[in-house]
Amino acid sequence: MVSWNNNSYTFAIYRSFGDLMINNPKLNRILIDIPIGLSSVGFHRTIEPLIRKELGKRASTVFNAPCRLAVYENKDGLAKKLNQQIENKSLSVQSLNIREKIREVDEYLQNTYEKTEIIESHPEMCFKYLNEGKVVMTKKSSETGIAERLGIISQYDNKLVALYEKMLKSVKRKDAKADDFLDAICLCLVNKLGSEAGLSYIADNNEKDEHQIQIKLAYYRK
């Protein structure tokens, strides 16, 4: 996680979303690259197709969020079957691999009264609008993609390039990759800019899911 407090940036690695919240009780708002608000019987997320339309040829960076039953099922095969029943579609390996993280956030939102606002976001969507509304076509895991995104970020705050380099030196690759650092920095920057000038949102066709969890995706637009 990258945060902006007292006019400075800090970063830390947490093993779970609960640990993050326990260690940061005074945060006003968090942008997180995790689906918030999940499909269930009689209710379906509609936000993924809207994000894919925004990203055009980079639409493959948007994974389908598993339905809630699949998120709470530990067996991959059964999770796929449940999702097929609810959403009429299977799940990718990427979607299956992040369902534990989705579950952590979903459980937290269902069981905790929290003053911190927790909002879903997507780094590639954020980079698009930091880049004057133009989708960044390079892969963020490539040297070219990293350089291009750092160039975009530095136009808003060049201290973030030094922060990225510090993260590279300080964090073991088994804990986080270079593109994870970029994503975290991007979402922190967007959150900071949004605090000053307001965030923009893509809204789901349904405002809230069955547990009254709001479904919207945040980004910053000049």
# chains A, B, ... in the order shown; residues from 1 in each chain; ligands from 1
$ residues_around --residues "Ile152 in chain A" --least-positions-apart "4" --cutoff "7 Å" --atoms "only C-alpha atoms" --output "ChimeraX atom specification"
/A:130-131,148
$ closest_atom_pairs --of "range 26-142 of chain A" --to "range 162-179 of chain A" --cutoff "10 Å" --atoms "only C-alpha atoms" --output "tab-separated table"
residue	atom	partner	partner_atom	distance
A:Lys139	CA	A:Asp179	CA	9.5
A:Lys140	CA	A:Asp179	CA	6.0
A:Ser141	CA	A:Asp179	CA	5.6
A:Ser142	CA	A:Asp179	CA	8.7
$ residues_around --residues "range 180-187 of chain A" --least-positions-apart "3" --cutoff "8 Å" --atoms "only C-alpha atoms" --output "PyMOL selection string"
chain A and resi 1-2+31-32+121-123+126-127+146+149-150+153+160+164+167-168+176-177+190-191
$ select_by_dssp --residues "chain A" --states "alpha helix (DSSP H)" --output "number ranges by chain"
A: 17-23, 47-55, 68-71, 76-87, 93-97, 99-111, 123-130, 143-154, 159-170, 178-197
$ closest_residue --among "A:Glu132, A:Asp204, A:Glu73, A:Glu54" --to "Leu217 in chain A" --atoms "only C-alpha atoms"
A:Asp204
$ residues_around --residues "Ser60 in chain A" --least-positions-apart "2" --cutoff "12 Å" --atoms "only C-alpha atoms" --output "list in words"
Glu48, Pro49, Ile51, Arg52, Lys53, Glu54, Leu55, Gly56, Lys57, Arg58, Val62, Phe63, Asn64, Ser92, Gln94, Glu124, Met137 and Lys139 of chain A
$ residues_around --residues "Gly77 in chain A" --least-positions-apart "6" --cutoff "12 Å" --atoms "only C-alpha atoms" --output "PyMOL selection string"
chain A and resi 70+83-84+90-93+96
$ write_last_selection --atoms "N, CA and C atoms" --output "PDB file, in the first residue's frame"
ATOM      1  N   ALA A  70     -18.927 -18.110  -5.340  1.00  0.00           N
ATOM      2  CA  ALA A  70     -17.633 -18.594  -5.821  1.00  0.00           C
ATOM      3  C   ALA A  70     -16.486 -18.040  -4.982  1.00  0.00           C
ATOM      4  N   ASN A  83     -20.140 -20.206 -10.228  1.00  0.00           N
ATOM      5  CA  ASN A  83     -20.160 -18.981 -11.024  1.00  0.00           C
ATOM      6  C   ASN A  83     -20.932 -19.178 -12.323  1.00  0.00           C
ATOM      7  N   GLN A  84     -20.799 -20.366 -12.914  1.00  0.00           N
ATOM      8  CA  GLN A  84     -21.549 -20.684 -14.123  1.00  0.00           C
ATOM      9  C   GLN A  84     -23.054 -20.633 -13.847  1.00  0.00           C
ATOM     10  N   SER A  90     -17.825 -19.027 -16.839  1.00  0.00           N
ATOM     11  CA  SER A  90     -16.820 -19.638 -15.986  1.00  0.00           C
ATOM     12  C   SER A  90     -15.892 -18.565 -15.431  1.00  0.00           C
ATOM     13  N   LEU A  91     -14.806 -18.980 -14.801  1.00  0.00           N
ATOM     14  CA  LEU A  91     -13.852 -18.039 -14.226  1.00  0.00           C
ATOM     15  C   LEU A  91     -12.455 -18.307 -14.772  1.00  0.00           C
ATOM     16  N   SER A  92     -11.715 -17.241 -15.039  1.00  0.00           N
ATOM     17  CA  SER A  92     -10.334 -17.364 -15.479  1.00  0.00           C
ATOM     18  C   SER A  92      -9.441 -17.733 -14.301  1.00  0.00           C
ATOM     19  N   VAL A  93      -8.240 -18.178 -14.608  1.00  0.00           N
ATOM     20  CA  VAL A  93      -7.262 -18.488 -13.558  1.00  0.00           C
ATOM     21  C   VAL A  93      -6.993 -17.236 -12.725  1.00  0.00           C
ATOM     22  N   LEU A  96      -9.824 -16.680 -10.298  1.00  0.00           N
ATOM     23  CA  LEU A  96      -9.760 -17.668  -9.220  1.00  0.00           C
ATOM     24  C   LEU A  96      -8.656 -17.330  -8.219  1.00  0.00           C
TER      25      LEU A  96
END
$ select_by_dssp --residues "range 36-176 of chain A" --states "strand (DSSP E or B)" --output "MDAnalysis selection string"
chainID A and resid 40 43 117:121
$ closest_residue --among "A:Leu199, A:Ile119, A:Met125, A:Val136" --to "Arg29 in chain A" --atoms "only C-alpha atoms"
A:Ile119
$ closest_residue --among "A:Ser8, A:Ser16, A:Thr144, A:Ser154" --to "Glu104 in chain A" --atoms "only C-alpha atoms"
A:Ser16
$ atom_distance --atom1 "CA of Leu38 in chain A" --atom2 "CA of Cys67 in chain A"
5.5 Å
$ atom_distance --atom1 "CA of Gly42 in chain A" --atom2 "CA of Tyr219 in chain A"
28.5 Å
$ residues_around --residues "Glu87 in chain A" --least-positions-apart "6" --cutoff "12 Å" --atoms "only C-alpha atoms" --output "list of chain:residue names"
A:Leu38, A:Ser39, A:Ser40, A:Val41, A:Gly42, A:Phe43, A:His44, A:Arg45, A:Thr46, A:Asn64, A:Ala65, A:Pro66, A:Cys67, A:Arg68, A:Leu69, A:Ala70, A:Ala79, A:Lys80, A:Lys81
$ closest_residue --among "A:Thr61, A:Leu20, A:Trp4, A:Val71" --to "Glu107 in chain A" --atoms "only C-alpha atoms"
A:Val71
$ atom_distance --atom1 "CA of Asn205 in chain A" --atom2 "CA of Ile47 in chain A"
7.3 Å
